[in-house]
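Have a look at upload.tsv; it's TSV, C-alpha atoms:
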```
chain	number	residue	atom	x	y	z
L	1105	PRO	CA	-35.27	71.95	42.33
L	1106	HIS	CA	-35.12	69.82	45.46
L	1107	THR	CA	-38.15	67.84	44.28
L	1108	ASP	CA	-36.51	67.23	40.90
L	1109	LYS	CA	-33.40	65.75	42.58
L	1110	VAL	CA	-35.46	63.36	44.66
L	1111	SER	CA	-37.45	62.36	41.62
L	1112	SER	CA	-34.29	61.86	39.57
L	1113	SER	CA	-32.72	59.75	42.34
L	1114	SER	CA	-35.84	57.64	42.67
L	1115	SER	CA	-35.92	57.08	38.90
L	1116	SER	CA	-32.26	55.98	38.87
L	1117	SER	CA	-32.88	53.58	41.75
L	1118	SER	CA	-35.93	52.15	39.97
L	1119	ARG	CA	-33.95	51.64	36.77
L	1120	ALA	CA	-31.15	49.93	38.74
L	1121	ILE	CA	-33.60	47.51	40.32
L	1122	GLU	CA	-35.31	46.85	37.00
L	1123	GLY	CA	-31.90	46.19	35.46
L	1124	GLY	CA	-31.10	43.60	38.16
L	1125	VAL	CA	-28.69	45.70	40.26
L	1126	ASP	CA	-30.32	46.08	43.71
L	1127	PRO	CA	-27.84	47.68	46.21
L	1128	ASN	CA	-29.69	46.21	49.17
L	1129	GLY	CA	-29.75	42.79	47.58
L	1130	LYS	CA	-26.00	42.96	46.95
L	1131	LYS	CA	-25.36	43.72	50.63
L	1132	LYS	CA	-27.54	40.80	51.67
L	1133	MET	CA	-25.64	38.52	49.31
L	1134	MET	CA	-22.30	39.66	50.77
L	1135	ARG	CA	-23.54	39.02	54.31
L	1136	LEU	CA	-24.76	35.58	53.29
L	1137	ARG	CA	-21.39	34.72	51.75
L	1138	ARG	CA	-19.54	35.88	54.89
L	1139	GLN	CA	-21.87	33.77	57.03
L	1140	GLN	CA	-21.30	30.72	54.83
L	1141	HIS	CA	-17.55	31.28	55.01
L	1142	GLN	CA	-17.67	31.50	58.81
L	1143	GLU	CA	-19.74	28.31	58.98
L	1144	GLN	CA	-17.16	26.55	56.81
L	1145	LEU	CA	-14.36	27.71	59.11
L	1146	VAL	CA	-16.24	26.48	62.19
L	1147	LYS	CA	-16.93	23.13	60.52
L	1148	ALA	CA	-13.26	22.76	59.55
L	1149	HIS	CA	-12.21	23.68	63.09
L	1150	LEU	CA	-14.56	21.09	64.58
L	1151	LEU	CA	-13.30	18.46	62.16
L	1152	ASP	CA	-9.75	19.37	63.14
L	1153	LEU	CA	-10.59	19.05	66.85
L	1154	ALA	CA	-12.24	15.71	66.17
L	1155	GLY	CA	-9.09	14.60	64.39
L	1156	VAL	CA	-6.93	15.75	67.31
L	1157	ALA	CA	-9.15	13.90	69.79
L	1158	LYS	CA	-9.00	10.75	67.67
L	1159	HIS	CA	-5.21	10.99	67.42
L	1160	LEU	CA	-4.83	11.51	71.18
L	1161	ARG	CA	-6.98	8.49	71.93
L	1162	ARG	CA	-5.10	6.31	69.45
L	1163	SER	CA	-1.57	7.45	70.33
L	1164	ALA	CA	-1.81	8.28	74.05
L	1165	GLY	CA	-5.02	6.72	75.32
L	1166	ILE	CA	-6.61	10.11	76.10
L	1167	SER	CA	-10.37	9.57	76.31
L	1168	LEU	CA	-11.34	13.18	77.10
L	1169	LEU	CA	-9.73	16.58	76.54
L	1170	LYS	CA	-11.60	19.54	77.97
L	1171	THR	CA	-10.53	23.19	77.87
L	1172	VAL	CA	-11.73	25.95	80.20
L	1173	ALA	CA	-11.32	29.69	79.59
L	1174	VAL	CA	-9.38	31.33	82.44
L	1175	ARG	CA	-8.47	34.90	83.39
L	1176	HIS	CA	-4.98	35.79	82.23
L	1177	CYS	CA	-4.31	37.02	78.71
L	1178	LYS	CA	-6.46	36.68	75.60
L	1179	ASP	CA	-7.22	33.06	74.71
L	1180	ALA	CA	-5.85	31.69	77.99
L	1181	TRP	CA	-7.10	28.17	78.70
L	1182	ALA	CA	-6.79	25.55	81.39
L	1183	VAL	CA	-7.04	21.91	80.33
L	1184	VAL	CA	-8.41	18.69	81.81
L	1185	LEU	CA	-7.29	15.28	80.52
L	1186	GLU	CA	-8.85	11.89	81.21
L	1187	HIS	CA	-7.15	8.64	80.27
L	1188	GLU	CA	-8.84	5.42	79.21
L	1189	ARG	CA	-7.15	3.72	82.19
L	1190	GLY	CA	-9.11	5.99	84.52
L	1191	TRP	CA	-6.70	8.68	85.70
L	1192	LYS	CA	-7.47	12.37	85.36
L	1193	ILE	CA	-5.09	15.36	85.24
L	1194	ALA	CA	-5.93	19.08	85.36
L	1195	TYR	CA	-3.47	21.80	84.32
L	1196	SER	CA	-4.15	25.47	85.01
L	1197	GLY	CA	-1.62	27.25	82.84
L	1198	ASP	CA	-1.17	30.92	83.83
L	1199	CYS	CA	-4.35	32.25	85.43
L	1200	ARG	CA	-6.25	33.61	88.39
L	1201	PRO	CA	-8.22	31.03	90.42
L	1202	CYS	CA	-11.16	29.81	88.33
L	1203	TRP	CA	-14.26	28.08	89.67
L	1204	ASN	CA	-15.25	26.72	86.25
L	1205	PHE	CA	-11.85	25.04	86.06
L	1206	ALA	CA	-12.27	23.60	89.56
L	1207	ARG	CA	-15.63	22.21	88.53
L	1208	ALA	CA	-14.39	20.80	85.20
L	1209	GLY	CA	-11.49	19.04	86.92
L	1210	ARG	CA	-13.59	17.64	89.78
L	1211	GLY	CA	-12.04	14.46	91.14
L	1212	ALA	CA	-8.71	14.90	89.33
L	1213	HIS	CA	-5.93	12.60	90.48
L	1214	VAL	CA	-3.40	15.39	89.91
L	1215	LEU	CA	-3.84	19.15	89.63
L	1216	ILE	CA	-0.86	21.10	88.27
L	1217	HIS	CA	-1.47	24.73	89.20
L	1218	GLU	CA	0.63	27.85	88.86
L	1219	ALA	CA	1.76	29.64	92.04
L	1220	THR	CA	3.66	32.63	90.68
L	1221	PHE	CA	3.55	34.73	93.87
L	1222	ASP	CA	3.56	34.14	97.60
L	1223	GLU	CA	0.91	35.64	99.87
L	1224	SER	CA	2.85	38.87	100.45
L	1225	LYS	CA	2.43	39.70	96.74
L	1226	MET	CA	-1.35	39.21	96.56
L	1227	GLU	CA	-2.05	42.60	94.95
L	1228	GLU	CA	0.56	41.91	92.30
L	1229	ALA	CA	-0.90	38.46	91.67
L	1230	VAL	CA	-4.32	40.02	91.07
L	1231	SER	CA	-3.02	42.83	88.84
L	1232	ARG	CA	-0.91	40.47	86.73
L	1233	LYS	CA	-3.62	37.79	86.69
L	1234	HIS	CA	-1.58	35.07	88.35
L	1235	SER	CA	-2.23	32.94	91.44
L	1236	THR	CA	-0.60	32.53	94.83
L	1237	ALA	CA	0.26	29.17	96.37
L	1238	SER	CA	-2.62	29.37	98.84
L	1239	GLU	CA	-5.04	30.21	96.05
L	1240	ALA	CA	-3.85	27.15	94.13
L	1241	ILE	CA	-4.46	25.06	97.26
L	1242	HIS	CA	-7.95	26.50	97.47
L	1243	VAL	CA	-8.67	25.52	93.85
L	1244	ALA	CA	-7.36	22.00	94.54
L	1245	ARG	CA	-9.77	21.66	97.47
L	1246	GLN	CA	-12.68	22.87	95.41
L	1247	MET	CA	-11.68	20.41	92.70
L	1248	ARG	CA	-11.33	17.54	95.19
L	1249	ALA	CA	-7.96	16.81	93.58
L	1250	ASP	CA	-6.03	13.93	95.15
L	1251	ARG	CA	-2.65	15.64	94.61
L	1252	LEU	CA	-1.53	19.19	93.85
L	1253	LEU	CA	1.73	20.19	92.19
L	1254	LEU	CA	2.65	23.88	92.46
L	1255	THR	CA	4.65	25.34	89.60
L	1256	HIS	CA	5.57	28.54	87.66
L	1257	PHE	CA	7.17	30.34	90.58
L	1258	SER	CA	8.21	33.97	90.31
L	1259	GLN	CA	11.88	34.66	89.65
L	1260	ARG	CA	11.84	36.44	93.00
L	1261	TYR	CA	11.88	32.97	94.52
L	1262	PRO	CA	14.89	31.12	93.05
L	1263	LYS	CA	13.63	27.57	93.65
L	1264	ILE	CA	10.33	27.25	95.52
L	1265	PRO	CA	7.69	29.54	97.06
L	1266	GLY	CA	7.79	30.54	100.70
L	1267	GLU	CA	5.58	29.12	103.42
L	1268	TYR	CA	1.99	29.02	102.22
L	1269	GLY	CA	0.43	27.60	105.37
L	1270	GLY	CA	-3.31	26.98	105.26
L	1271	ALA	CA	-5.90	28.02	102.74
L	1272	ALA	CA	-6.09	31.48	101.32
L	1273	ASN	CA	-8.95	33.77	102.23
L	1274	ASP	CA	-12.00	32.23	100.57
L	1275	ASP	CA	-13.91	35.52	100.22
L	1276	GLY	CA	-13.93	36.93	96.69
L	1277	MET	CA	-11.35	34.52	95.30
L	1278	PHE	CA	-13.52	33.49	92.37
L	1279	ASP	CA	-15.63	35.71	90.11
L	1280	ASP	CA	-18.71	37.13	91.82
L	1281	GLU	CA	-21.07	35.02	89.76
L	1282	GLU	CA	-19.13	31.90	90.79
L	1283	GLU	CA	-18.64	32.74	94.43
L	1284	GLU	CA	-22.01	31.68	95.85
L	1285	GLU	CA	-21.89	28.22	94.29
L	1286	ALA	CA	-18.26	27.76	95.30
L	1287	GLU	CA	-18.88	28.80	98.91
L	1288	GLU	CA	-21.81	26.39	99.21
L	1289	ASP	CA	-19.71	23.61	97.75
L	1290	ILE	CA	-16.69	23.91	100.03
L	1291	ASP	CA	-18.38	23.04	103.34
L	1292	ASP	CA	-17.17	19.45	103.34
L	1293	VAL	CA	-13.64	20.23	102.12
L	1294	LYS	CA	-10.68	20.02	104.49
L	1295	ARG	CA	-9.39	23.57	104.84
L	1296	ASN	CA	-6.22	23.02	106.85
L	1297	ASP	CA	-4.60	20.00	105.23
L	1298	ASP	CA	-1.90	20.63	102.63
L	1299	SER	CA	-0.24	17.23	102.99
L	1300	ASN	CA	-1.05	16.45	99.34
L	1301	VAL	CA	0.82	19.53	98.02
L	1302	GLY	CA	4.10	19.04	96.17
L	1303	ILE	CA	6.59	21.31	94.41
L	1304	ALA	CA	7.34	21.01	90.68
L	1305	PHE	CA	10.64	22.26	89.28
L	1306	ASP	CA	11.27	23.07	85.61
L	1307	CYS	CA	11.86	19.97	83.46
L	1308	MET	CA	10.76	17.76	86.36
L	1309	ALA	CA	9.31	14.32	85.59
L	1310	VAL	CA	7.06	12.70	88.21
L	1311	ARG	CA	5.53	9.23	88.22
L	1312	PHE	CA	2.16	8.61	89.81
L	1313	THR	CA	3.95	6.41	92.32
L	1314	ASP	CA	6.12	9.40	93.34
L	1315	LEU	CA	3.19	11.64	94.24
L	1316	GLU	CA	2.56	10.07	97.63
L	1317	TRP	CA	5.95	10.99	99.08
L	1318	LEU	CA	6.69	14.13	97.03
L	1319	PRO	CA	5.04	16.53	99.57
L	1320	GLN	CA	7.45	15.26	102.23
L	1321	LEU	CA	10.32	16.89	100.32
L	1322	THR	CA	8.92	20.43	100.51
L	1323	THR	CA	10.45	21.23	103.91
L	1324	PRO	CA	13.91	19.86	102.99
L	1325	PHE	CA	13.73	21.84	99.74
L	1326	ARG	CA	13.15	25.03	101.72
L	1327	TRP	CA	16.19	24.29	103.85
L	1328	LEU	CA	18.32	23.67	100.77
L	1329	PHE	CA	17.07	26.70	98.84
L	1330	PRO	CA	16.53	29.72	101.13
L	1331	ASN	CA	13.71	31.93	99.91
L	1332	GLU	CA	15.45	35.19	99.04
L	1333	GLU	CA	14.18	37.78	96.61
L	1334	ALA	CA	16.22	37.87	93.42
L	1335	GLY	CA	15.46	41.03	91.48
L	1336	GLU	CA	12.50	41.85	89.33
L	1337	ASP	CA	9.89	39.28	88.40
L	1338	GLU	CA	10.25	37.85	84.92
L	1339	HIS	CA	6.84	36.21	84.83
L	1340	GLY	CA	4.90	39.40	84.29
L	1341	GLY	CA	2.92	38.00	81.37
```
Spell out the structure here as structure tokens.
Amino acid sequence: PHTDKVSSSSSSSSRAIEGGVDPNGKKKMMRLRRQQHQEQLVKAHLLDLAGVAKHLRRSAGISLLKTVAVRHCKDAWAVVLEHERGWKIAYSGDCRPCWNFARAGRGAHVLIHEATFDESKMEEAVSRKHSTASEAIHVARQMRADRLLLTHFSQRYPKIPGEYGGAANDDGMFDDEEEEEAEEDIDDVKRNDDSNVGIAFDCMAVRFTDLEWLPQLTTPFRWLFPNEEAGEDEHGG
């Protein structure tokens, strides 16, 4: 009886193939259609990006827009902008320190980098995938950025972060696969100079001509706005 069932099944399959209904062929056709659909989506996405790049160049003079995947939430990206007049700006968004971002923004005139936590909250910065002020300074040095603006401060610090002093501990700041290259590359970077570091408040507008003297206001800002903890952090994302 078992042999009869196999024979019957084989006969049905043969008749299906002879009649032009091949189950395997149907699956292959469905896979091919899905692949073609995905290719069309990618092509449309690339055309859309090309249109965005063309619009940015025409309307704002942006000659290059580069995105870099960073460690925070899903689809978190840092961005690097270059203008046809020659200036270059790098913006971290929310993230942990990222060597690929430092490399992509190499030579930036301005780096805008988040500094959600101060150094006393390092474990929390790591667990929530944010950066400390000293880590942002470290990224700026790796990037060779002319100026650094710190932003996105925790609600624990009402106005500006506390003293960040010199560079953060270099060991293990970047991903392991990035660390060796980063450590070799930092030898000629000034480690103890944060004179190019400024503070950015919400809704703050800064001209390039303001960047030179902006770091001089950090100490007066700390006098005006004492650094007292103010409840739970609201930047936990």
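With distances restricted to all atoms listed in the file, L:Cys1199 is the closest residue to L:Ala1229 from L:Leu1136, L:Cys1199, L:Val1310, L:Val1174.
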| message | If we count only C-alpha atoms and set the cut-off at 6 Å, which residues sit around L:Thr1220, ignoring sequence neighbours fewer than 2 positions away in its own chain? Please answer as a list in words. | response | Glu1218, Ser1235, Thr1236, His1256, Phe1257 and Ser1258 of chain L
Take the residues from that selection and write them out as a short mmCIF file (atom, residue, chain, number, x, y, z; two decimals), in the frame of the given file, keeping C-alpha atoms.
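Done, and the output landed in part32.cif:
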```cif
data_model
loop_
_atom_site.label_atom_id
_atom_site.label_comp_id
_atom_site.auth_asym_id
_atom_site.auth_seq_id
_atom_site.Cartn_x
_atom_site.Cartn_y
_atom_site.Cartn_z
CA GLU L 1218 0.63 27.85 88.86
CA SER L 1235 -2.23 32.94 91.44
CA THR L 1236 -0.60 32.53 94.83
CA HIS L 1256 5.57 28.54 87.66
CA PHE L 1257 7.17 30.34 90.58
CA SER L 1258 8.21 33.97 90.31
#
```
For this session: Write out as a list in words which residues come within 8 Å of L:Asp1250 when counting only C-alpha atoms, dropping same-chain ones fewer than 3 positions away.
Result: Gly1211, Ala1212, His1213, Val1214, Leu1215 and Asn1300 of chain L
inquiry  = With 9 Å as the threshold, what does the neighbourhood of (-9.3, 22.4, 90.9) contain in terms of residues, counting only C-alpha atoms? Coordinates are those of the file; answer as a list in words.
reply    = Ala1194, Tyr1195, Ser1196, Pro1201, Cys1202, Trp1203, Asn1204, Phe1205, Ala1206, Arg1207, Ala1208, Gly1209, Arg1210, Gly1211, Ala1212, Leu1215, Ile1216, His1217, Ala1240, Ile1241, His1242, Val1243, Ala1244, Arg1245, Gln1246, Met1247, Arg1248, Ala1249 and Leu1252 of chain L
So how far away is atom CA of L:Lys1225 from atom CA of L:Trp1181, in Å?
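We find that atom CA of L:Trp1181 and atom CA of L:Lys1225 lie 23.4 Å from each other.
In this model, the gap between atom CA of L:Phe1312 and atom CA of L:Ala1182 comes to 20.9 Å.
In this model, the gap between atom CA of L:Ala1157 and atom CA of L:His1234 comes to 29.2 Å.
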Skip L:Lys1178 itself and residues of its chain fewer than 5 positions away, then list as a ChimeraX atom specification all residues within 12 Å of it, counting all atoms listed in the file.
/L:1173,1198-1199,1233,1341
Include C-alpha atoms and write out the residues we just selected as a short mmCIF file (atom, residue, chain, number, x, y, z; two decimals), in the frame of the given file.
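What landed in part_8.cif:
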```cif
data_model
loop_
_atom_site.label_atom_id
_atom_site.label_comp_id
_atom_site.auth_asym_id
_atom_site.auth_seq_id
_atom_site.Cartn_x
_atom_site.Cartn_y
_atom_site.Cartn_z
CA ALA L 1173 -11.32 29.69 79.59
CA ASP L 1198 -1.17 30.92 83.83
CA CYS L 1199 -4.35 32.25 85.43
CA LYS L 1233 -3.62 37.79 86.69
CA GLY L 1341 2.92 38.00 81.37
#
```
